[in-house]
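Only one structure is covered here, and it is reproduced in the block below.
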Amino acid sequence: MASTADFKAYVAQVEAGQGYVKPLAFGLGVRRRKNDKVLDVWFPALNFEGAYGTAAVLADVLGQTGSENGYKVVGKDQMATIYAKFEAFHHEWEEHPNLKVFREFLNFGTPADSYQETDLIAYFLYDKDQAVASAEEGYFKLQLISKTLVKPHGLTLDGVFGQLTNVAWTNKGPILPEDVDGERIKALAKGEEIVVSHVDKFPYLLNFHIPQGVRVASGSQVRLGAHLASGTTVMPAGYVNFNAGTLGNAMVEGRISAGVVVDENSDLGGGVSIMGTLSGGNKNVISIGKECLLGANSGTGISLGDKSTIAAGVYVTAGAKISLYGREGQPVDINGNTVAEGENIVKGLELNGKEGLLFLQDSQSGKLIAKPNPKAIELNESLHG
């Protein structure tokens, strides 16, 4: 297919074939295994709701049909065939992310003395709401989020823990924990050493993908599956779990737990803790709105609406008793009507997602107070440009 017209005709023929379904997302990845256990899968280029011509080529060469999430192993000859299908674009391969990956993987193989068994796979995702059924699917979905192609909660990650393998992440790649001592002996015999960064099912995000326009002071503080939008700064004590993260400029000096989403121009002070959905039985998916401030050592178990502030050291839980006051300091009910003192008390959950609130603790009575926030924050532009 030396011309683009021939390529388009070929793609149209594949798409019209019996059993062919366009995938929602797809990508070519490098899979590493040991004793049939998947250690990790890295997808250098992912495609979401697009690049359907490339998807058709992969599906045709690899025999992918139907609409079930899954993968196909890509052999060396198949890789050469896939690349050849793009002959009309070979002169501009650097302009096409997928073609660039295909070209670089033409002679891909496992080094003879490698601990890991390495191969290439093409993953096809059709149903984003299906629970994770394999490690390959888990790594694919996590990287869709980390490459900011999908926002947190944009696809289902149920079952991901059960599918990922717990491994020792080392300077020699992922190793099964029980094999580390043996590999260390082999390394020492060659004048090398094994350095283990952590033992976990999740690798560090920055070892798989570096989001554009972000600063991460400590790579160990951000897991694969975190969504870091351009303009985000994660300070050394900041932490971002998987299926969580930021949607724009943000200062992260506290903890963004699994499932939590922080909107643009918000600031999480040092020691901040936002309750996630992985433990404690919390089913409320928490979000932090635009231009919010959580002061140092504060926290929340409810969502904050835009332009809300929690004062330093204050933790707002769903069951906390909170006294409401108006702009003039008068006690008010949930609808803003003036009421008698004592009739202005609500549970924290009733304020879930409400905008423009200031939460603080009365220094004399100790009671938790919510009132209109007099001023929204402004982030330092030089830190997030």
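For the structure tokens, the naming scheme is as follows: chains receive sequential letters (A, B, ...) according to their order of presentation, residues are indexed from 1 within each chain, and ligands are indexed from 1 in presentation order.
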Run DSSP on the backbone and grab whatever in region 128-349 of chain A lands in alpha helix (DSSP H); send it over as a list of chain:residue names.
-> A:Ala135, A:Glu136, A:Glu137, A:Gly138, A:Tyr139, A:Phe140, A:Lys141, A:Leu142, A:Gln143, A:Leu144, A:Ile145, A:Ser146, A:Val160, A:Phe161, A:Gly162, A:Gln163, A:Val180, A:Asp181, A:Gly182, A:Glu183, A:Arg184, A:Ile185, A:Lys186, A:Ala187, A:Leu188, A:Ala189
Listing only residues of region 56-137 of chain A within 12 Å of region 179-192 of chain A, what is the closest atom pair and its distance in Å (to one decimal) for each, using only C-alpha atoms, sorted by chain and residue number ascending, as a tab-separated table?
residue	atom	partner	partner_atom	distance
A:Asp113	CA	A:Lys186	CA	10.6
A:Ser114	CA	A:Glu183	CA	10.4
A:Tyr115	CA	A:Glu183	CA	8.0
A:Gln116	CA	A:Glu183	CA	11.2
Deliver the residues from the most recent selection as a file, using N, CA and C atoms, as a PDB file, in the first residue's frame.
ATOM      1  N   ASP A 113      20.246 -12.878  28.937  1.00  0.00           N
ATOM      2  CA  ASP A 113      20.478 -13.091  30.360  1.00  0.00           C
ATOM      3  C   ASP A 113      19.448 -12.375  31.234  1.00  0.00           C
ATOM      4  N   SER A 114      18.308 -12.041  30.668  1.00  0.00           N
ATOM      5  CA  SER A 114      17.294 -11.293  31.406  1.00  0.00           C
ATOM      6  C   SER A 114      16.523 -12.189  32.371  1.00  0.00           C
ATOM      7  N   TYR A 115      16.211 -11.658  33.543  1.00  0.00           N
ATOM      8  CA  TYR A 115      15.378 -12.372  34.518  1.00  0.00           C
ATOM      9  C   TYR A 115      13.953 -12.489  34.000  1.00  0.00           C
ATOM     10  N   GLN A 116      13.463 -11.423  33.383  1.00  0.00           N
ATOM     11  CA  GLN A 116      12.090 -11.395  32.907  1.00  0.00           C
ATOM     12  C   GLN A 116      11.972 -11.972  31.500  1.00  0.00           C
TER      13      GLN A 116
END
For region 158-166 of chain A: contacts at 10 Å, only C-alpha atoms, fewer than 4 positions along chain excluded, given as number ranges by chain | A: 33, 37-40, 129-139, 141-142, 174-177, 199-203
Leaving out region 315-332 of chain A and any residue of its chain fewer than 6 positions from it, which residues lie within 10 Å of it when counting only C-alpha atoms, given as a PyMOL selection string?
-> chain A and resi 272-275+282+284+294+297-303+338-352+357+359-361+367-374
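Of the listed residues A:Ser287, A:Asn171, A:Thr4, A:Gln13, the one whose atoms come nearest to Leu247 (chain A) is A:Ser287, with distances taken using only C-alpha atoms.
For the residues A:Glu355, A:Asp127, A:Asp306, A:Glu264, ranking by smallest atom-to-atom distance to Gly70 (chain A) using only C-alpha atoms places A:Asp127 first.
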CA of Glu95 (chain A) to CA of Leu28 (chain A), distance in Å rounded to a single decimal | 17.2 Å
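Distance annotation: of A:Lys354, A:Ser3, A:Asp267, A:Gly295, the residue with the minimal separation from Asn335 (chain A) is A:Lys354; atom set is only C-alpha atoms.
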If we count only C-alpha atoms, what is near Met235 (chain A) at a cut-off of 10 Å, once residues fewer than 5 positions away on the same chain are taken out, given as a ChimeraX atom specification?
-> /A:215-219,221,251-254,269-270
For the selection just defined, write its residues with N, CA and C atoms to a file, as a PDB file, in the first residue's frame.
ATOM      1  N   ARG A 215       5.264  19.067  37.973  1.00  0.00           N
ATOM      2  CA  ARG A 215       6.467  18.897  38.783  1.00  0.00           C
ATOM      3  C   ARG A 215       6.141  17.916  39.894  1.00  0.00           C
ATOM      4  N   VAL A 216       6.996  16.911  40.043  1.00  0.00           N
ATOM      5  CA  VAL A 216       6.837  15.913  41.097  1.00  0.00           C
ATOM      6  C   VAL A 216       8.159  15.836  41.843  1.00  0.00           C
ATOM      7  N   ALA A 217       8.178  16.348  43.067  1.00  0.00           N
ATOM      8  CA  ALA A 217       9.431  16.448  43.814  1.00  0.00           C
ATOM      9  C   ALA A 217       9.942  15.099  44.290  1.00  0.00           C
ATOM     10  N   SER A 218       9.050  14.139  44.502  1.00  0.00           N
ATOM     11  CA  SER A 218       9.447  12.807  44.951  1.00  0.00           C
ATOM     12  C   SER A 218       8.635  11.761  44.191  1.00  0.00           C
ATOM     13  N   GLY A 219       9.301  11.046  43.282  1.00  0.00           N
ATOM     14  CA  GLY A 219       8.607  10.080  42.430  1.00  0.00           C
ATOM     15  C   GLY A 219       7.926   8.964  43.187  1.00  0.00           C
ATOM     16  N   GLN A 221       6.033   9.173  45.583  1.00  0.00           N
ATOM     17  CA  GLN A 221       4.785   9.637  46.175  1.00  0.00           C
ATOM     18  C   GLN A 221       3.604   9.625  45.212  1.00  0.00           C
ATOM     19  N   MET A 251      -1.666  22.715  43.800  1.00  0.00           N
ATOM     20  CA  MET A 251      -0.523  22.538  44.691  1.00  0.00           C
ATOM     21  C   MET A 251      -0.863  21.400  45.641  1.00  0.00           C
ATOM     22  N   VAL A 252      -0.062  20.347  45.593  1.00  0.00           N
ATOM     23  CA  VAL A 252      -0.338  19.160  46.393  1.00  0.00           C
ATOM     24  C   VAL A 252       0.787  18.968  47.410  1.00  0.00           C
ATOM     25  N   GLU A 253       0.511  19.355  48.652  1.00  0.00           N
ATOM     26  CA  GLU A 253       1.451  19.106  49.745  1.00  0.00           C
ATOM     27  C   GLU A 253       0.883  18.082  50.716  1.00  0.00           C
ATOM     28  N   GLY A 254      -0.362  17.663  50.491  1.00  0.00           N
ATOM     29  CA  GLY A 254      -1.013  16.658  51.320  1.00  0.00           C
ATOM     30  C   GLY A 254      -1.319  15.407  50.528  1.00  0.00           C
ATOM     31  N   GLY A 269      -2.684  21.917  51.566  1.00  0.00           N
ATOM     32  CA  GLY A 269      -1.547  22.240  52.418  1.00  0.00           C
ATOM     33  C   GLY A 269      -0.860  21.016  52.998  1.00  0.00           C
ATOM     34  N   GLY A 270       0.281  21.253  53.631  1.00  0.00           N
ATOM     35  CA  GLY A 270       1.066  20.173  54.220  1.00  0.00           C
ATOM     36  C   GLY A 270       0.277  19.379  55.250  1.00  0.00           C
TER      37      GLY A 270
END
CA of Ile288 (chain A) to CA of Gly313 (chain A), distance in Å rounded to a single decimal | 17.4 Å
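Restricting the calculation to only C-alpha atoms, the smallest distance between Val167 (chain A) and any of A:Tyr71, A:Gly245, A:Gly213, A:Arg32 is found for A:Arg32.
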Distance query Leu293 (chain A) at most 10 Å, only C-alpha atoms, self and fewer than 4 positions along chain excluded, as a compact mmCIF listing (two decimals) with N, CA and C atoms, in the first residue's frame:
# COMPACT_ATOMS: atom_id res chain seq x y z
N MET A 251 -1.67 22.72 43.80
CA MET A 251 -0.52 22.54 44.69
C MET A 251 -0.86 21.40 45.64
N ASN A 265 -6.81 24.99 40.24
CA ASN A 265 -6.49 26.14 41.08
C ASN A 265 -6.80 25.92 42.56
N SER A 266 -6.65 24.68 43.02
CA SER A 266 -6.84 24.37 44.43
C SER A 266 -5.52 24.02 45.09
N ASP A 267 -5.47 24.20 46.41
CA ASP A 267 -4.23 24.06 47.18
C ASP A 267 -4.48 23.13 48.36
N LEU A 268 -3.70 22.05 48.42
CA LEU A 268 -3.77 21.13 49.55
C LEU A 268 -2.53 21.33 50.40
N GLY A 269 -2.68 21.92 51.57
CA GLY A 269 -1.55 22.24 52.42
C GLY A 269 -0.86 21.02 53.00
N ILE A 288 -12.82 17.74 45.23
CA ILE A 288 -12.48 19.09 45.71
C ILE A 288 -12.69 20.04 44.54
N GLY A 289 -13.49 21.07 44.75
CA GLY A 289 -13.84 21.97 43.66
C GLY A 289 -12.72 22.90 43.24
N SER A 298 -5.24 19.75 57.82
CA SER A 298 -6.69 19.65 57.80
C SER A 298 -7.08 18.41 56.99
N LEU A 304 -15.93 19.15 48.65
CA LEU A 304 -15.97 20.60 48.79
C LEU A 304 -16.40 21.22 47.47
N ASP A 306 -16.83 24.58 44.87
CA ASP A 306 -15.89 25.61 44.45
C ASP A 306 -15.71 26.69 45.52
N LYS A 307 -14.51 27.22 45.61
CA LYS A 307 -14.17 28.37 46.45
C LYS A 307 -14.47 28.12 47.93
N SER A 308 -14.17 26.91 48.37
CA SER A 308 -14.34 26.57 49.79
C SER A 308 -12.99 26.43 50.47
N THR A 309 -12.98 26.63 51.77
CA THR A 309 -11.75 26.56 52.55
C THR A 309 -11.99 25.78 53.84
N ILE A 310 -11.02 24.94 54.20
CA ILE A 310 -11.00 24.30 55.52
C ILE A 310 -9.79 24.86 56.25
N ALA A 311 -10.01 25.44 57.41
CA ALA A 311 -8.92 26.05 58.17
C ALA A 311 -7.92 25.01 58.63
N ALA A 312 -6.71 25.44 58.90
CA ALA A 312 -5.64 24.55 59.35
C ALA A 312 -6.07 23.77 60.59
N LEU A 358 -16.57 28.27 54.38
CA LEU A 358 -15.36 28.29 55.20
C LEU A 358 -15.62 27.45 56.44
N ALA A 376 -11.83 33.68 47.95
CA ALA A 376 -11.26 32.48 47.31
C ALA A 376 -9.76 32.65 47.18
N ILE A 377 -9.04 31.53 47.11
CA ILE A 377 -7.58 31.60 47.03
C ILE A 377 -7.12 31.89 45.61
N GLU A 378 -5.86 32.28 45.48
CA GLU A 378 -5.20 32.44 44.18
C GLU A 378 -3.84 31.77 44.26
N LEU A 379 -3.58 30.83 43.34
CA LEU A 379 -2.28 30.14 43.32
C LEU A 379 -1.22 31.07 42.74
Which residues, written as a CSV table (one decimal) with N, CA and C atoms, in the first residue's frame, have at least one atom at most 9 Å from region 85-90 of chain A, with only C-alpha atoms counted and residues fewer than 5 positions away on the same chain left out?
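And here's around04.csv as it stands now:
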chain,number,residue,atom,x,y,z
A,1,MET,N,0.8,-1.2,0.0
A,1,MET,CA,0.0,0.0,0.0
A,1,MET,C,0.9,1.2,0.0
A,2,ALA,N,1.3,1.7,-1.2
A,2,ALA,CA,2.2,2.8,-1.3
A,2,ALA,C,1.5,4.1,-1.3
A,3,SER,N,0.2,4.2,-1.3
A,3,SER,CA,-0.5,5.4,-1.3
A,3,SER,C,-1.5,5.5,-0.1
A,4,THR,N,-1.8,6.7,0.3
A,4,THR,CA,-2.8,6.9,1.3
A,4,THR,C,-4.1,6.4,0.9
A,6,ASP,N,-4.8,3.8,-1.0
A,6,ASP,CA,-4.8,2.4,-0.9
A,6,ASP,C,-4.9,2.0,0.6
A,7,PHE,N,-4.3,2.8,1.5
A,7,PHE,CA,-4.4,2.5,2.9
A,7,PHE,C,-5.8,2.7,3.4
A,54,THR,N,-5.3,2.7,12.5
A,54,THR,CA,-4.3,1.9,13.1
A,54,THR,C,-4.9,0.7,13.8
A,57,VAL,N,-5.6,-2.1,11.3
A,57,VAL,CA,-4.4,-2.8,10.9
A,57,VAL,C,-4.0,-3.8,11.9
A,80,ALA,N,6.6,-6.9,11.7
A,80,ALA,CA,7.1,-6.5,10.4
A,80,ALA,C,5.9,-6.2,9.5
A,96,HIS,N,3.9,10.4,13.6
A,96,HIS,CA,2.8,9.5,14.0
A,96,HIS,C,3.2,8.6,15.2
A,99,LEU,N,3.1,4.8,14.8
A,99,LEU,CA,4.0,4.3,13.8
A,99,LEU,C,5.5,4.4,14.3
Go through region 180-352 of chain A and collect every residue that DSSP, computed from the backbone, puts in strand (DSSP E or B); the answer should be as number ranges by chain.
-> A: 196-200, 204, 215-216, 222-223, 226-227, 232-234, 239-240, 244-246, 250-252, 255-256, 261-262, 266-268, 273-274, 287-288, 293-294, 299-300, 304, 309-310, 315-316, 321-325, 331-332, 338, 345-347
Write out, as a short mmCIF file (atom, residue, chain, number, x, y, z; two decimals), in the first residue's frame, the residues just selected, with N, CA and C atoms.
data_model
loop_
_atom_site.label_atom_id
_atom_site.label_comp_id
_atom_site.auth_asym_id
_atom_site.auth_seq_id
_atom_site.Cartn_x
_atom_site.Cartn_y
_atom_site.Cartn_z
N VAL A 196 16.34 -2.23 45.57
CA VAL A 196 14.88 -2.34 45.61
C VAL A 196 14.30 -1.00 46.09
N SER A 197 13.42 -0.42 45.29
CA SER A 197 12.78 0.84 45.68
C SER A 197 11.55 0.59 46.54
N HIS A 198 10.78 -0.46 46.23
CA HIS A 198 9.59 -0.79 47.02
C HIS A 198 9.04 -2.14 46.58
N VAL A 199 8.20 -2.72 47.42
CA VAL A 199 7.51 -3.97 47.11
C VAL A 199 6.02 -3.66 47.14
N ASP A 200 5.37 -3.78 45.98
CA ASP A 200 3.97 -3.37 45.88
C ASP A 200 3.41 -3.90 44.57
N TYR A 204 5.75 3.13 40.46
CA TYR A 204 5.68 4.59 40.51
C TYR A 204 5.29 5.11 39.13
N ARG A 215 5.26 19.07 37.97
CA ARG A 215 6.47 18.90 38.78
C ARG A 215 6.14 17.92 39.89
N VAL A 216 7.00 16.91 40.04
CA VAL A 216 6.84 15.91 41.10
C VAL A 216 8.16 15.84 41.84
N VAL A 222 3.83 9.16 43.98
CA VAL A 222 2.74 9.14 43.00
C VAL A 222 2.68 7.77 42.35
N ARG A 223 1.56 7.09 42.52
CA ARG A 223 1.38 5.75 41.98
C ARG A 223 0.93 5.77 40.52
N ALA A 226 -2.39 7.48 38.74
CA ALA A 226 -2.70 8.84 39.17
C ALA A 226 -2.89 9.71 37.93
N HIS A 227 -3.77 10.69 38.03
CA HIS A 227 -4.06 11.62 36.94
C HIS A 227 -3.54 12.99 37.33
N THR A 232 0.14 20.93 37.61
CA THR A 232 0.15 20.34 38.95
C THR A 232 1.57 20.30 39.52
N THR A 233 1.69 20.64 40.79
CA THR A 233 2.95 20.49 41.52
C THR A 233 2.71 19.58 42.72
N VAL A 234 3.47 18.49 42.79
CA VAL A 234 3.40 17.58 43.94
C VAL A 234 4.68 17.75 44.74
N TYR A 239 1.12 13.30 48.07
CA TYR A 239 0.92 11.91 47.66
C TYR A 239 -0.34 11.83 46.81
N VAL A 240 -0.26 11.07 45.70
CA VAL A 240 -1.42 10.87 44.84
C VAL A 240 -1.56 9.39 44.53
N ALA A 244 -7.14 8.71 40.93
CA ALA A 244 -7.31 9.96 41.67
C ALA A 244 -6.36 10.98 41.05
N GLY A 245 -6.53 12.25 41.44
CA GLY A 245 -5.58 13.24 40.96
C GLY A 245 -6.19 14.60 40.73
N THR A 246 -5.60 15.33 39.78
CA THR A 246 -5.94 16.74 39.57
C THR A 246 -6.47 16.96 38.16
N ALA A 250 -2.69 22.85 40.38
CA ALA A 250 -2.94 22.45 41.77
C ALA A 250 -1.62 22.36 42.52
N MET A 251 -1.67 22.72 43.80
CA MET A 251 -0.52 22.54 44.69
C MET A 251 -0.86 21.40 45.64
N VAL A 252 -0.06 20.35 45.59
CA VAL A 252 -0.34 19.16 46.39
C VAL A 252 0.79 18.97 47.41
N ARG A 255 -2.27 14.62 51.02
CA ARG A 255 -2.54 13.30 50.44
C ARG A 255 -3.85 13.30 49.66
N ILE A 256 -3.76 12.90 48.38
CA ILE A 256 -4.95 12.66 47.56
C ILE A 256 -5.15 11.15 47.52
N VAL A 261 -10.75 13.43 43.45
CA VAL A 261 -10.44 14.28 42.30
C VAL A 261 -10.39 15.74 42.77
N VAL A 262 -9.31 16.43 42.42
CA VAL A 262 -9.11 17.83 42.82
C VAL A 262 -9.19 18.71 41.57
N SER A 266 -6.65 24.68 43.02
CA SER A 266 -6.84 24.37 44.43
C SER A 266 -5.52 24.02 45.09
N ASP A 267 -5.47 24.20 46.41
CA ASP A 267 -4.23 24.06 47.18
C ASP A 267 -4.48 23.13 48.36
N LEU A 268 -3.70 22.05 48.42
CA LEU A 268 -3.77 21.13 49.55
C LEU A 268 -2.53 21.33 50.40
N SER A 273 -5.24 15.50 54.60
CA SER A 273 -5.70 14.13 54.36
C SER A 273 -7.12 14.17 53.81
N ILE A 274 -7.30 13.64 52.61
CA ILE A 274 -8.62 13.55 52.01
C ILE A 274 -9.03 12.09 52.00
N SER A 287 -14.72 14.82 45.95
CA SER A 287 -14.09 15.73 45.00
C SER A 287 -13.85 17.07 45.69
N ILE A 288 -12.82 17.74 45.23
CA ILE A 288 -12.48 19.09 45.71
C ILE A 288 -12.69 20.04 44.54
N LEU A 293 -9.06 25.68 49.25
CA LEU A 293 -7.86 25.63 50.08
C LEU A 293 -8.12 24.72 51.27
N LEU A 294 -7.25 23.75 51.46
CA LEU A 294 -7.25 22.93 52.66
C LEU A 294 -5.99 23.30 53.42
N GLY A 299 -8.38 18.17 56.89
CA GLY A 299 -8.83 17.02 56.13
C GLY A 299 -10.32 17.05 55.91
N THR A 300 -10.80 16.16 55.05
CA THR A 300 -12.23 16.10 54.78
C THR A 300 -12.69 14.71 54.39
N LEU A 304 -15.93 19.15 48.65
CA LEU A 304 -15.97 20.60 48.79
C LEU A 304 -16.40 21.22 47.47
N THR A 309 -12.98 26.63 51.77
CA THR A 309 -11.75 26.56 52.55
C THR A 309 -11.99 25.78 53.84
N ILE A 310 -11.02 24.94 54.20
CA ILE A 310 -11.00 24.30 55.52
C ILE A 310 -9.79 24.86 56.25
N TYR A 315 -10.73 18.93 60.70
CA TYR A 315 -11.12 17.77 59.88
C TYR A 315 -12.64 17.70 59.83
N VAL A 316 -13.17 17.73 58.63
CA VAL A 316 -14.62 17.70 58.42
C VAL A 316 -15.03 16.30 57.99
N LYS A 321 -20.90 17.20 63.65
CA LYS A 321 -21.94 18.20 63.90
C LYS A 321 -21.36 19.58 63.63
N ILE A 322 -21.97 20.29 62.69
CA ILE A 322 -21.44 21.58 62.25
C ILE A 322 -22.49 22.67 62.46
N SER A 323 -22.06 23.76 63.07
CA SER A 323 -22.95 24.91 63.30
C SER A 323 -22.83 25.87 62.13
N LEU A 324 -23.99 26.25 61.56
CA LEU A 324 -24.01 27.13 60.40
C LEU A 324 -24.27 28.58 60.80
N TYR A 325 -23.53 29.50 60.15
CA TYR A 325 -23.72 30.93 60.41
C TYR A 325 -23.72 31.68 59.08
N PRO A 331 -26.97 32.72 63.33
CA PRO A 331 -27.19 31.30 63.10
C PRO A 331 -28.23 31.10 61.99
N VAL A 332 -27.95 30.18 61.07
CA VAL A 332 -28.87 29.92 59.95
C VAL A 332 -29.05 28.41 59.77
N THR A 338 -32.53 32.50 59.00
CA THR A 338 -32.10 32.78 60.37
C THR A 338 -32.92 31.96 61.35
N ILE A 345 -27.58 23.44 63.60
CA ILE A 345 -26.61 22.35 63.58
C ILE A 345 -27.01 21.31 62.53
N VAL A 346 -26.07 20.94 61.67
CA VAL A 346 -26.30 19.92 60.64
C VAL A 346 -25.13 18.93 60.67
N LYS A 347 -25.33 17.80 60.01
CA LYS A 347 -24.24 16.85 59.84
C LYS A 347 -23.40 17.27 58.63
#
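Between CA of Phe208 (chain A) and CA of Asn35 (chain A) there is a distance of 22.9 Å.
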